[in-house]
$ cat coords_0.cif   # mmCIF, C-alpha atoms
data_upload
loop_
_atom_site.group_PDB
_atom_site.id
_atom_site.type_symbol
_atom_site.label_atom_id
_atom_site.label_comp_id
_atom_site.auth_asym_id
_atom_site.auth_seq_id
_atom_site.Cartn_x
_atom_site.Cartn_y
_atom_site.Cartn_z
ATOM 1 C CA MET H 1 0.000 0.000 0.000
ATOM 2 C CA CYS H 2 1.266 3.484 -0.824
ATOM 3 C CA THR H 3 2.295 5.411 2.297
ATOM 4 C CA GLY H 4 0.239 8.334 0.953
ATOM 5 C CA ARG H 5 -2.870 6.379 1.958
ATOM 6 C CA VAL H 6 -1.869 6.245 5.618
ATOM 7 C CA ASP H 7 -4.203 8.683 7.337
ATOM 8 C CA LEU H 8 -3.581 10.424 10.655
ATOM 9 C CA THR H 9 -6.540 8.532 12.114
ATOM 10 C CA PHE H 10 -4.729 5.229 11.463
ATOM 11 C CA ILE H 11 -1.817 6.363 13.618
ATOM 12 C CA LEU H 12 -3.987 7.645 16.437
ATOM 13 C CA ARG H 13 -6.179 4.532 16.352
ATOM 14 C CA ALA H 14 -3.114 2.310 16.624
ATOM 15 C CA LEU H 15 -2.082 4.173 19.775
ATOM 16 C CA MET H 16 -5.637 4.019 21.169
ATOM 17 C CA ASN H 17 -5.492 0.254 20.710
ATOM 18 C CA GLY H 18 -2.528 0.137 23.084
ATOM 19 C CA ASN H 19 0.419 -0.075 20.701
ATOM 20 C CA ASP H 20 3.561 1.485 22.149
ATOM 21 C CA GLY H 21 4.594 3.020 18.829
ATOM 22 C CA VAL H 22 3.924 3.203 15.105
ATOM 23 C CA PHE H 23 6.414 2.695 12.284
ATOM 24 C CA ILE H 24 5.880 3.510 8.598
ATOM 25 C CA GLY H 25 8.311 2.474 5.875
ATOM 26 C CA GLY H 26 8.000 3.898 2.385
ATOM 27 C CA CYS H 27 9.709 4.815 -0.855
ATOM 28 C CA TRP H 28 12.460 7.394 -1.058
ATOM 29 C CA LEU H 29 11.338 10.861 -2.113
ATOM 30 C CA GLY H 30 11.396 11.060 -5.897
ATOM 31 C CA GLU H 31 11.078 7.286 -6.266
ATOM 32 C CA CYS H 32 7.310 6.841 -5.804
ATOM 33 C CA HIS H 33 5.874 3.830 -7.627
ATOM 34 C CA TYR H 34 2.756 5.822 -8.416
ATOM 35 C CA ILE H 35 2.242 9.113 -10.224
ATOM 36 C CA THR H 36 0.603 10.557 -7.101
ATOM 37 C CA GLU H 37 3.960 10.943 -5.268
ATOM 38 C CA GLY H 38 2.152 9.770 -2.152
ATOM 39 C CA ASN H 39 5.352 9.563 -0.122
ATOM 40 C CA TYR H 40 5.451 13.375 -0.038
ATOM 41 C CA ASP H 41 1.961 13.354 1.484
ATOM 42 C CA ALA H 42 3.060 10.691 3.953
ATOM 43 C CA ILE H 43 6.110 12.550 5.218
ATOM 44 C CA SER H 44 4.107 15.773 5.710
ATOM 45 C CA MET H 45 1.476 13.800 7.591
ATOM 46 C CA MET H 46 4.160 12.106 9.692
ATOM 47 C CA TYR H 47 5.649 15.383 10.916
ATOM 48 C CA LEU H 48 2.186 16.729 11.712
ATOM 49 C CA GLY H 49 1.351 13.492 13.526
ATOM 50 C CA LYS H 50 4.487 13.733 15.678
ATOM 51 C CA LYS H 51 3.514 17.261 16.724
ATOM 52 C CA LEU H 52 -0.032 16.141 17.523
ATOM 53 C CA ILE H 53 0.982 13.297 19.817
ATOM 54 C CA GLU H 54 3.557 15.582 21.443
ATOM 55 C CA HIS H 55 0.752 18.091 22.066
ATOM 56 C CA ILE H 56 -1.256 15.543 24.045
ATOM 57 C CA GLY H 57 1.756 14.578 26.138
ATOM 58 C CA LEU H 58 3.294 11.584 24.340
ATOM 59 C CA ASN H 59 6.910 11.299 23.293
ATOM 60 C CA PRO H 60 7.029 11.996 19.514
ATOM 61 C CA ASP H 61 9.689 9.286 19.131
ATOM 62 C CA ARG H 62 6.867 6.758 19.408
ATOM 63 C CA PHE H 63 5.992 7.592 15.818
ATOM 64 C CA ARG H 64 8.645 7.075 13.153
ATOM 65 C CA MET H 65 8.788 7.014 9.370
ATOM 66 C CA GLU H 66 11.735 5.966 7.260
ATOM 67 C CA GLN H 67 12.353 5.945 3.527
ATOM 68 C CA ILE H 68 13.525 2.461 2.569
ATOM 69 C CA SER H 69 13.565 0.823 -0.849
ATOM 70 C CA ALA H 70 12.644 -2.817 -1.425
ATOM 71 C CA SER H 71 16.300 -3.645 -2.076
ATOM 72 C CA GLU H 72 17.505 -2.338 1.319
ATOM 73 C CA GLY H 73 16.763 -5.398 3.414
ATOM 74 C CA ILE H 74 19.732 -4.958 5.730
ATOM 75 C CA ARG H 75 18.919 -1.314 6.350
ATOM 76 C CA PHE H 76 15.267 -2.198 7.001
ATOM 77 C CA SER H 77 16.344 -4.722 9.637
ATOM 78 C CA GLU H 78 18.654 -2.192 11.288
ATOM 79 C CA VAL H 79 15.970 0.506 11.352
ATOM 80 C CA ILE H 80 13.346 -1.808 12.840
ATOM 81 C CA ASN H 81 15.748 -3.034 15.519
ATOM 82 C CA ASP H 82 16.647 0.554 16.377
ATOM 83 C CA PHE H 83 12.966 1.540 16.652
ATOM 84 C CA ALA H 84 12.283 -1.485 18.854
ATOM 85 C CA LYS H 85 15.117 -0.401 21.173
ATOM 86 C CA THR H 86 13.660 3.120 21.288
ATOM 87 C CA LEU H 87 10.233 1.801 22.306
ATOM 88 C CA LYS H 88 11.746 -0.524 24.888
ATOM 89 C CA ALA H 89 13.563 2.419 26.445
ATOM 90 C CA LEU H 90 10.368 4.516 26.424
ATOM 91 C CA GLY H 91 8.357 1.741 28.058
ATOM 92 C CA PRO H 92 4.614 1.092 27.803
ATOM 93 C CA LEU H 93 2.525 3.786 26.162
ATOM 94 C CA GLY H 94 1.908 6.675 28.540
ATOM 95 C CA LYS H 95 3.879 5.244 31.441
ATOM 96 C CA THR H 96 7.090 7.190 30.819
ATOM 97 C CA GLU H 97 5.034 10.292 30.057
ATOM 98 C CA GLY H 98 3.131 9.958 33.338
ATOM 99 C CA LEU H 99 -0.267 9.689 31.667
ATOM 100 C CA ASP H 100 -3.166 7.691 33.041
ATOM 101 C CA TYR H 101 -4.556 5.222 30.470
ATOM 102 C CA ASP H 102 -8.108 6.562 30.556
ATOM 103 C CA ASP H 103 -6.916 10.165 30.316
ATOM 104 C CA LEU H 104 -4.593 9.288 27.431
ATOM 105 C CA ARG H 105 -7.337 7.478 25.563
ATOM 106 C CA THR H 106 -9.656 10.467 25.998
ATOM 107 C CA ARG H 107 -6.998 12.784 24.577
ATOM 108 C CA LEU H 108 -6.361 10.475 21.622
ATOM 109 C CA GLU H 109 -10.082 10.183 20.895
ATOM 110 C CA GLU H 110 -10.469 13.975 20.970
ATOM 111 C CA VAL H 111 -7.585 14.525 18.542
ATOM 112 C CA THR H 112 -8.890 11.739 16.283
ATOM 113 C CA ARG H 113 -12.295 13.401 16.147
ATOM 114 C CA LEU H 114 -10.641 16.663 15.097
ATOM 115 C CA VAL H 115 -8.479 15.163 12.336
ATOM 116 C CA PRO H 116 -10.761 16.412 9.502
ATOM 117 C CA TYR H 117 -10.593 19.959 10.930
ATOM 118 C CA ILE H 118 -6.824 19.730 11.433
ATOM 119 C CA LYS H 119 -6.289 18.537 7.861
ATOM 120 C CA LEU H 120 -8.384 21.404 6.528
ATOM 121 C CA ALA H 121 -6.597 23.972 8.679
ATOM 122 C CA LYS H 122 -3.168 22.682 7.608
ATOM 123 C CA SER H 123 -4.034 21.618 4.061
ATOM 124 C CA GLN H 124 -1.562 24.018 2.455
ATOM 125 C CA LYS H 125 1.404 22.744 4.460
ATOM 126 C CA LEU H 126 0.308 19.122 4.081
ATOM 127 C CA ALA H 127 0.479 19.608 0.318
ATOM 128 C CA SER H 128 4.104 20.783 0.517
ATOM 129 C CA ARG H 129 6.621 19.170 -1.822
ATOM 130 C CA LEU H 130 9.988 19.933 -0.238
ATOM 131 C CA GLU H 131 13.108 18.672 -1.984
ATOM 132 C CA ARG H 132 15.141 17.721 1.076
ATOM 133 C CA GLY H 133 13.879 15.560 3.914
ATOM 134 C CA GLU H 134 15.452 17.747 6.592
ATOM 135 C CA GLU H 135 13.338 20.687 5.408
ATOM 136 C CA TYR H 136 10.303 18.914 6.857
ATOM 137 C CA ASP H 137 11.742 19.202 10.373
ATOM 138 C CA THR H 138 10.545 22.801 10.567
ATOM 139 C CA LEU H 139 7.330 22.385 8.571
ATOM 140 C CA PHE H 140 5.202 22.367 11.727
ATOM 141 C CA THR H 141 6.100 23.964 15.080
ATOM 142 C CA SER H 142 4.853 23.108 18.564
ATOM 143 C CA GLU H 143 3.611 26.673 19.029
ATOM 144 C CA GLU H 144 1.661 26.413 15.784
ATOM 145 C CA ILE H 145 -0.088 23.243 16.954
ATOM 146 C CA ASP H 146 -0.850 24.787 20.364
ATOM 147 C CA ASP H 147 -2.441 27.775 18.621
ATOM 148 C CA LEU H 148 -4.402 25.425 16.373
ATOM 149 C CA PHE H 149 -6.064 23.793 19.372
ATOM 150 C CA ASP H 150 -6.605 27.119 21.119
ATOM 151 C CA ASP H 151 -8.492 28.461 18.091
ATOM 152 C CA ILE H 152 -10.762 25.489 17.397
ATOM 153 C CA PRO H 153 -14.064 26.917 16.141
ATOM 154 C CA ALA H 154 -17.566 25.779 16.968
ATOM 155 C CA TYR H 155 -20.623 26.095 14.750
ATOM 156 C CA TYR H 156 -24.025 27.043 16.072
ATOM 157 C CA ILE H 157 -27.449 27.285 14.453
ATOM 158 C CA ASP H 158 -29.419 30.309 15.620
ATOM 159 C CA PRO H 159 -32.952 29.042 16.386
ATOM 160 C CA GLU H 160 -34.373 32.496 15.601
ATOM 161 C CA LYS H 161 -33.033 32.322 12.041
ATOM 162 C CA CYS H 162 -33.251 28.618 11.200
ATOM 163 C CA ARG H 163 -36.023 27.786 8.723
ATOM 164 C CA ALA H 164 -35.418 24.022 8.709
ATOM 165 C CA CYS H 165 -34.503 24.045 5.035
ATOM 166 C CA MET H 166 -32.451 20.849 5.524
ATOM 167 C CA MET H 167 -29.467 22.184 3.570
ATOM 168 C CA CYS H 168 -26.969 21.888 6.440
ATOM 169 C CA ARG H 169 -28.426 18.626 7.701
ATOM 170 C CA ASN H 170 -28.213 16.953 4.311
ATOM 171 C CA ARG H 171 -24.678 18.163 3.588
ATOM 172 C CA CYS H 172 -23.082 17.456 6.977
ATOM 173 C CA PRO H 173 -20.464 14.741 6.270
ATOM 174 C CA VAL H 174 -20.820 13.120 9.704
ATOM 175 C CA LYS H 175 -24.579 13.535 10.230
ATOM 176 C CA ALA H 176 -23.991 15.755 13.268
ATOM 177 C CA ILE H 177 -27.093 17.894 12.666
ATOM 178 C CA ASP H 178 -30.491 16.869 13.995
ATOM 179 C CA GLY H 179 -33.726 18.181 12.565
ATOM 180 C CA ASP H 180 -36.334 17.828 9.839
ATOM 181 C CA ARG H 181 -38.554 20.092 7.736
ATOM 182 C CA SER H 182 -40.701 21.004 10.692
ATOM 183 C CA ARG H 183 -38.061 21.208 13.437
ATOM 184 C CA ILE H 184 -35.309 23.754 14.061
ATOM 185 C CA HIS H 185 -31.921 22.171 13.426
ATOM 186 C CA ILE H 186 -29.380 21.551 16.200
ATOM 187 C CA ILE H 187 -25.681 20.673 15.870
ATOM 188 C CA ASP H 188 -24.380 17.852 18.039
ATOM 189 C CA GLN H 189 -21.169 19.487 19.276
ATOM 190 C CA GLU H 190 -19.646 16.143 20.294
ATOM 191 C CA ALA H 191 -20.081 14.702 16.796
ATOM 192 C CA CYS H 192 -19.174 17.894 14.894
ATOM 193 C CA ILE H 193 -15.769 17.736 13.134
ATOM 194 C CA LYS H 194 -15.528 21.544 12.658
ATOM 195 C CA CYS H 195 -15.393 21.323 8.856
ATOM 196 C CA GLY H 196 -17.606 24.393 8.343
ATOM 197 C CA THR H 197 -19.815 22.784 5.695
ATOM 198 C CA CYS H 198 -22.960 23.901 7.502
ATOM 199 C CA LEU H 199 -21.818 27.529 7.382
ATOM 200 C CA GLU H 200 -20.994 27.269 3.679
ATOM 201 C CA VAL H 201 -24.329 25.776 2.597
ATOM 202 C CA CYS H 202 -26.710 27.763 4.809
ATOM 203 C CA PRO H 203 -28.683 30.049 2.429
ATOM 204 C CA PRO H 204 -27.550 33.690 2.800
ATOM 205 C CA ARG H 205 -31.158 34.810 3.138
ATOM 206 C CA PHE H 206 -31.319 32.888 6.404
ATOM 207 C CA GLY H 207 -27.760 33.247 7.742
ATOM 208 C CA ALA H 208 -28.641 30.879 10.553
ATOM 209 C CA VAL H 209 -25.217 29.278 11.084
ATOM 210 C CA ALA H 210 -22.583 31.142 13.088
ATOM 211 C CA LYS H 211 -18.890 30.360 13.556
ATOM 212 C CA LEU H 212 -17.835 30.825 17.168
ATOM 213 C CA CYS H 213 -14.250 31.187 18.379
ATOM 214 C CA GLY H 214 -13.194 31.697 21.973
ATOM 215 C CA VAL H 215 -16.753 31.824 23.301
ATOM 216 C CA PRO H 216 -18.991 29.070 24.679
ATOM 217 C CA VAL H 217 -21.684 27.606 22.459
ATOM 218 C CA PRO H 218 -25.172 28.714 23.603
ATOM 219 C CA PRO H 219 -27.352 25.933 25.022
ATOM 220 C CA SER H 220 -29.656 24.146 22.601
ATOM 221 C CA ILE H 221 -33.245 25.255 22.277
ATOM 222 C CA PRO H 222 -35.656 23.067 24.303
ATOM 223 C CA GLU H 223 -37.169 20.222 22.310
ATOM 224 C CA GLU H 224 -40.707 21.487 22.776
ATOM 225 C CA GLU H 225 -39.780 24.800 21.161
ATOM 226 C CA ARG H 226 -38.214 23.356 18.003
ATOM 227 C CA THR H 227 -41.380 22.876 15.980
ATOM 228 C CA ILE H 228 -41.850 25.285 13.091
ATOM 229 C CA ALA H 229 -45.459 25.964 12.128
ATOM 230 C CA ARG H 230 -45.827 26.292 8.380
ATOM 231 C CA LYS H 231 -48.848 27.454 6.438
ATOM 232 C CA SER H 232 -50.468 24.773 4.335
ATOM 233 C CA LYS H 233 -50.318 25.262 0.580
ATOM 234 C CA THR H 234 -54.005 24.423 0.431
ATOM 235 C CA GLU H 235 -54.914 26.999 3.034
ATOM 236 C CA VAL H 236 -57.739 29.203 1.758
ATOM 237 C CA ARG H 237 -56.968 32.898 1.773
ATOM 238 C CA GLU H 238 -59.705 35.264 2.901
ATOM 239 C CA ILE H 239 -60.227 37.942 0.271
ATOM 240 C CA PRO H 240 -61.955 41.096 1.471
ATOM 241 C CA VAL H 241 -65.117 41.901 -0.504
ATOM 242 C CA ALA H 242 -66.360 45.461 -0.891
ATOM 243 C CA VAL H 243 -69.984 45.881 0.234
ATOM 244 C CA ASP H 244 -72.102 48.591 -1.333
#
$ encode --input "coords_0.cif" --output "structure tokens"
Amino acid sequence: MCTGRVDLTFILRALMNGNDGVFIGGCWLGECHYITEGNYDAISMMYLGKKLIEHIGLNPDRFRMEQISASEGIRFSEVINDFAKTLKALGPLGKTEGLDYDDLRTRLEEVTRLVPYIKLAKSQKLASRLERGEEYDTLFTSEEIDDLFDDIPAYYIDPEKCRACMMCRNRCPVKAIDGDRSRIHIIDQEACIKCGTCLEVCPPRFGAVAKLCGVPVPPSIPEEERTIARKSKTEVREIPVAVD
């Protein structure tokens, strides 16, 4: 499988499953077997992934990627043995870092849920095609990742403006919006991946979706107040008649 197909969620899921580390071996830059040059995508993702696990308190050395060709069997063996020694020295996942298992799993689950947002926010850097491998060392900084998590947006549907048009509900990629044609829509903040699709597709004439940064999301409207009364198309209009 091309290393370009290895998603950040795969790495985080491997750690959530209790693995002490993750290793990826792929083609050398400029020697991709496919026209997609997926190994460039993989190395960008790897450096971002190392910063993400460092952000939640894990040693970034638990995640490693090496460029190894199929003919470099001896080097492959040496690299794997070296990585195994590194993991042995680090010990079980979270133990050296002083992290409780349940707390660590919660942190990993939270970052995993935000992967779509993170990839959108860093899409330009993830698409980088740097000529030298060492240039990737400074592609992402710890301060940059800290700021990324500090500025995570939230999306909120204003019940006063929502007309239950179903546009946001139908286009949400993770089905995080509840509602129908007669009920004001509500975003499930736990399921929301912060992609902003709801904001993009909400008709301008309604402007019901707001992007919130640095402020708490208002509480959801009570269920009994969500119903929208619509006039029937067959409703008979009363026409005033002039009386002589």
$ residues_around --input "coords_0.cif" --residues "Glu78 of chain H" --least-positions-apart "6" --cutoff "12 Å" --atoms "only C-alpha atoms" --output "ChimeraX atom specification"
/H:66,68,72,84-85
$ write_last_selection --input "coords_0.cif" --atoms "C-alpha atoms" --output "compact mmCIF listing (two decimals), in the coordinates of the input"
# COMPACT_ATOMS: atom_id res chain seq x y z
CA GLU H 66 11.74 5.97 7.26
CA ILE H 68 13.52 2.46 2.57
CA GLU H 72 17.50 -2.34 1.32
CA ALA H 84 12.28 -1.48 18.85
CA LYS H 85 15.12 -0.40 21.17
$ closest_residue --input "coords_0.cif" --among "H:Thr197, H:Gln124, H:Asn19, H:Ser142" --to "Leu87 of chain H" --atoms "only C-alpha atoms"
H:Asn19
$ atom_distance --input "coords_0.cif" --atom1 "atom CA of Leu212 of chain H" --atom2 "atom CA of Ile152 of chain H"
8.9 Å
$ resolve_selection --input "coords_0.cif" --expression "the PyMOL selection byres ((chain H and resi 64) around 7)" --output "number ranges by chain"
H: 22-24, 61-63, 65-66
$ residues_around --input "coords_0.cif" --residues "Gly94 of chain H" --least-positions-apart "6" --cutoff "10 Å" --atoms "all atoms listed in the file" --output "ChimeraX atom specification"
/H:15,18,20,57-59,100-101,103-105
$ closest_atom_pairs --input "coords_0.cif" --of "segment 92-130 of chain H" --to "segment 36-53 of chain H" --cutoff "12 Å" --atoms "only C-alpha atoms" --output "CSV"
residue,atom,partner,partner_atom,distance
H:Leu93,CA,H:Ile53,CA,11.5
H:Gly94,CA,H:Ile53,CA,11.0
H:Glu97,CA,H:Ile53,CA,11.4
H:Leu104,CA,H:Ile53,CA,10.3
H:Arg105,CA,H:Ile53,CA,11.7
H:Arg107,CA,H:Ile53,CA,9.3
H:Leu108,CA,H:Ile53,CA,8.1
H:Glu109,CA,H:Ile53,CA,11.5
H:Glu110,CA,H:Leu52,CA,11.2
H:Val111,CA,H:Leu52,CA,7.8
H:Thr112,CA,H:Leu52,CA,10.0
H:Leu114,CA,H:Leu52,CA,10.9
H:Val115,CA,H:Leu52,CA,10.0
H:Ile118,CA,H:Leu48,CA,9.5
H:Lys119,CA,H:Met45,CA,9.1
H:Ala121,CA,H:Leu48,CA,11.8
H:Lys122,CA,H:Leu48,CA,9.0
H:Ser123,CA,H:Ser44,CA,10.2
H:Gln124,CA,H:Ser44,CA,10.5
H:Lys125,CA,H:Ser44,CA,7.6
H:Leu126,CA,H:Ser44,CA,5.3
H:Ala127,CA,H:Asp41,CA,6.5
H:Ser128,CA,H:Ser44,CA,7.2
H:Arg129,CA,H:Tyr40,CA,6.2
H:Leu130,CA,H:Tyr40,CA,8.0
$ closest_residue --input "coords_0.cif" --among "H:Thr96, H:Gln189, H:Thr141, H:Thr106" --to "Ile56 of chain H" --atoms "only C-alpha atoms"
H:Thr106
$ resolve_selection --input "coords_0.cif" --expression "the PyMOL selection byres ((chain H and resi 183) around 10)" --output "count of residues only"
21
$ decode --input "coords_0.cif" --residues "segment 168-198 of chain H" --atoms "N, CA and C atoms" --output "PDB file, in the first residue's frame"
ATOM      1  N   CYS H 168     -28.118  22.260   5.609  1.00  0.00           N
ATOM      2  CA  CYS H 168     -26.969  21.888   6.440  1.00  0.00           C
ATOM      3  C   CYS H 168     -27.059  20.437   6.893  1.00  0.00           C
ATOM      4  N   ARG H 169     -28.245  20.002   7.232  1.00  0.00           N
ATOM      5  CA  ARG H 169     -28.426  18.626   7.701  1.00  0.00           C
ATOM      6  C   ARG H 169     -28.063  17.621   6.614  1.00  0.00           C
ATOM      7  N   ASN H 170     -28.475  17.877   5.404  1.00  0.00           N
ATOM      8  CA  ASN H 170     -28.213  16.953   4.311  1.00  0.00           C
ATOM      9  C   ASN H 170     -26.754  16.941   3.867  1.00  0.00           C
ATOM     10  N   ARG H 171     -26.053  18.068   4.070  1.00  0.00           N
ATOM     11  CA  ARG H 171     -24.678  18.163   3.588  1.00  0.00           C
ATOM     12  C   ARG H 171     -23.636  17.855   4.661  1.00  0.00           C
ATOM     13  N   CYS H 172     -24.043  17.754   5.907  1.00  0.00           N
ATOM     14  CA  CYS H 172     -23.082  17.456   6.977  1.00  0.00           C
ATOM     15  C   CYS H 172     -22.444  16.087   6.720  1.00  0.00           C
ATOM     16  N   PRO H 173     -21.118  16.011   6.608  1.00  0.00           N
ATOM     17  CA  PRO H 173     -20.464  14.741   6.270  1.00  0.00           C
ATOM     18  C   PRO H 173     -20.510  13.686   7.363  1.00  0.00           C
ATOM     19  N   VAL H 174     -20.796  14.088   8.602  1.00  0.00           N
ATOM     20  CA  VAL H 174     -20.820  13.120   9.704  1.00  0.00           C
ATOM     21  C   VAL H 174     -22.194  13.031  10.367  1.00  0.00           C
ATOM     22  N   LYS H 175     -23.198  13.603   9.706  1.00  0.00           N
ATOM     23  CA  LYS H 175     -24.579  13.535  10.230  1.00  0.00           C
ATOM     24  C   LYS H 175     -24.667  14.057  11.664  1.00  0.00           C
ATOM     25  N   ALA H 176     -24.019  15.189  11.911  1.00  0.00           N
ATOM     26  CA  ALA H 176     -23.991  15.755  13.268  1.00  0.00           C
ATOM     27  C   ALA H 176     -25.121  16.742  13.506  1.00  0.00           C
ATOM     28  N   ILE H 177     -26.013  16.913  12.533  1.00  0.00           N
ATOM     29  CA  ILE H 177     -27.093  17.894  12.666  1.00  0.00           C
ATOM     30  C   ILE H 177     -28.434  17.177  12.735  1.00  0.00           C
ATOM     31  N   ASP H 178     -29.174  17.473  13.786  1.00  0.00           N
ATOM     32  CA  ASP H 178     -30.491  16.869  13.995  1.00  0.00           C
ATOM     33  C   ASP H 178     -31.574  17.849  13.603  1.00  0.00           C
ATOM     34  N   GLY H 179     -32.621  17.326  12.960  1.00  0.00           N
ATOM     35  CA  GLY H 179     -33.726  18.181  12.565  1.00  0.00           C
ATOM     36  C   GLY H 179     -34.446  17.626  11.355  1.00  0.00           C
ATOM     37  N   ASP H 180     -35.594  18.198  11.048  1.00  0.00           N
ATOM     38  CA  ASP H 180     -36.334  17.828   9.839  1.00  0.00           C
ATOM     39  C   ASP H 180     -37.032  19.077   9.324  1.00  0.00           C
ATOM     40  N   ARG H 181     -37.945  18.925   8.370  1.00  0.00           N
ATOM     41  CA  ARG H 181     -38.554  20.092   7.736  1.00  0.00           C
ATOM     42  C   ARG H 181     -39.534  20.853   8.633  1.00  0.00           C
ATOM     43  N   SER H 182     -39.796  20.300   9.782  1.00  0.00           N
ATOM     44  CA  SER H 182     -40.701  21.004  10.692  1.00  0.00           C
ATOM     45  C   SER H 182     -40.049  21.289  12.052  1.00  0.00           C
ATOM     46  N   ARG H 183     -38.748  21.003  12.162  1.00  0.00           N
ATOM     47  CA  ARG H 183     -38.061  21.208  13.437  1.00  0.00           C
ATOM     48  C   ARG H 183     -36.766  21.984  13.233  1.00  0.00           C
ATOM     49  N   ILE H 184     -36.543  22.969  14.092  1.00  0.00           N
ATOM     50  CA  ILE H 184     -35.309  23.754  14.061  1.00  0.00           C
ATOM     51  C   ILE H 184     -34.114  22.817  14.214  1.00  0.00           C
ATOM     52  N   HIS H 185     -33.076  23.048  13.416  1.00  0.00           N
ATOM     53  CA  HIS H 185     -31.921  22.171  13.426  1.00  0.00           C
ATOM     54  C   HIS H 185     -30.984  22.491  14.598  1.00  0.00           C
ATOM     55  N   ILE H 186     -30.330  21.430  15.090  1.00  0.00           N
ATOM     56  CA  ILE H 186     -29.380  21.551  16.200  1.00  0.00           C
ATOM     57  C   ILE H 186     -28.116  20.762  15.854  1.00  0.00           C
ATOM     58  N   ILE H 187     -26.956  21.350  16.123  1.00  0.00           N
ATOM     59  CA  ILE H 187     -25.681  20.673  15.870  1.00  0.00           C
ATOM     60  C   ILE H 187     -25.242  19.925  17.118  1.00  0.00           C
ATOM     61  N   ASP H 188     -24.941  18.649  16.949  1.00  0.00           N
ATOM     62  CA  ASP H 188     -24.380  17.852  18.039  1.00  0.00           C
ATOM     63  C   ASP H 188     -22.899  18.214  18.146  1.00  0.00           C
ATOM     64  N   GLN H 189     -22.529  18.983  19.154  1.00  0.00           N
ATOM     65  CA  GLN H 189     -21.169  19.487  19.276  1.00  0.00           C
ATOM     66  C   GLN H 189     -20.143  18.374  19.495  1.00  0.00           C
ATOM     67  N   GLU H 190     -20.570  17.258  20.069  1.00  0.00           N
ATOM     68  CA  GLU H 190     -19.646  16.143  20.294  1.00  0.00           C
ATOM     69  C   GLU H 190     -19.326  15.437  18.990  1.00  0.00           C
ATOM     70  N   ALA H 191     -20.281  15.400  18.079  1.00  0.00           N
ATOM     71  CA  ALA H 191     -20.081  14.702  16.796  1.00  0.00           C
ATOM     72  C   ALA H 191     -19.496  15.612  15.724  1.00  0.00           C
ATOM     73  N   CYS H 192     -19.632  16.923  15.894  1.00  0.00           N
ATOM     74  CA  CYS H 192     -19.174  17.894  14.894  1.00  0.00           C
ATOM     75  C   CYS H 192     -17.659  17.805  14.694  1.00  0.00           C
ATOM     76  N   ILE H 193     -17.205  17.812  13.429  1.00  0.00           N
ATOM     77  CA  ILE H 193     -15.769  17.736  13.134  1.00  0.00           C
ATOM     78  C   ILE H 193     -15.201  19.099  12.725  1.00  0.00           C
ATOM     79  N   LYS H 194     -15.981  20.158  12.890  1.00  0.00           N
ATOM     80  CA  LYS H 194     -15.528  21.544  12.658  1.00  0.00           C
ATOM     81  C   LYS H 194     -15.138  21.815  11.202  1.00  0.00           C
ATOM     82  N   CYS H 195     -15.767  21.150  10.257  1.00  0.00           N
ATOM     83  CA  CYS H 195     -15.393  21.323   8.856  1.00  0.00           C
ATOM     84  C   CYS H 195     -15.965  22.600   8.239  1.00  0.00           C
ATOM     85  N   GLY H 196     -17.027  23.149   8.837  1.00  0.00           N
ATOM     86  CA  GLY H 196     -17.606  24.393   8.343  1.00  0.00           C
ATOM     87  C   GLY H 196     -18.561  24.242   7.176  1.00  0.00           C
ATOM     88  N   THR H 197     -18.898  23.007   6.825  1.00  0.00           N
ATOM     89  CA  THR H 197     -19.815  22.784   5.695  1.00  0.00           C
ATOM     90  C   THR H 197     -21.167  23.418   5.947  1.00  0.00           C
ATOM     91  N   CYS H 198     -21.645  23.343   7.174  1.00  0.00           N
ATOM     92  CA  CYS H 198     -22.960  23.901   7.502  1.00  0.00           C
ATOM     93  C   CYS H 198     -22.993  25.405   7.248  1.00  0.00           C
TER      94      CYS H 198
END
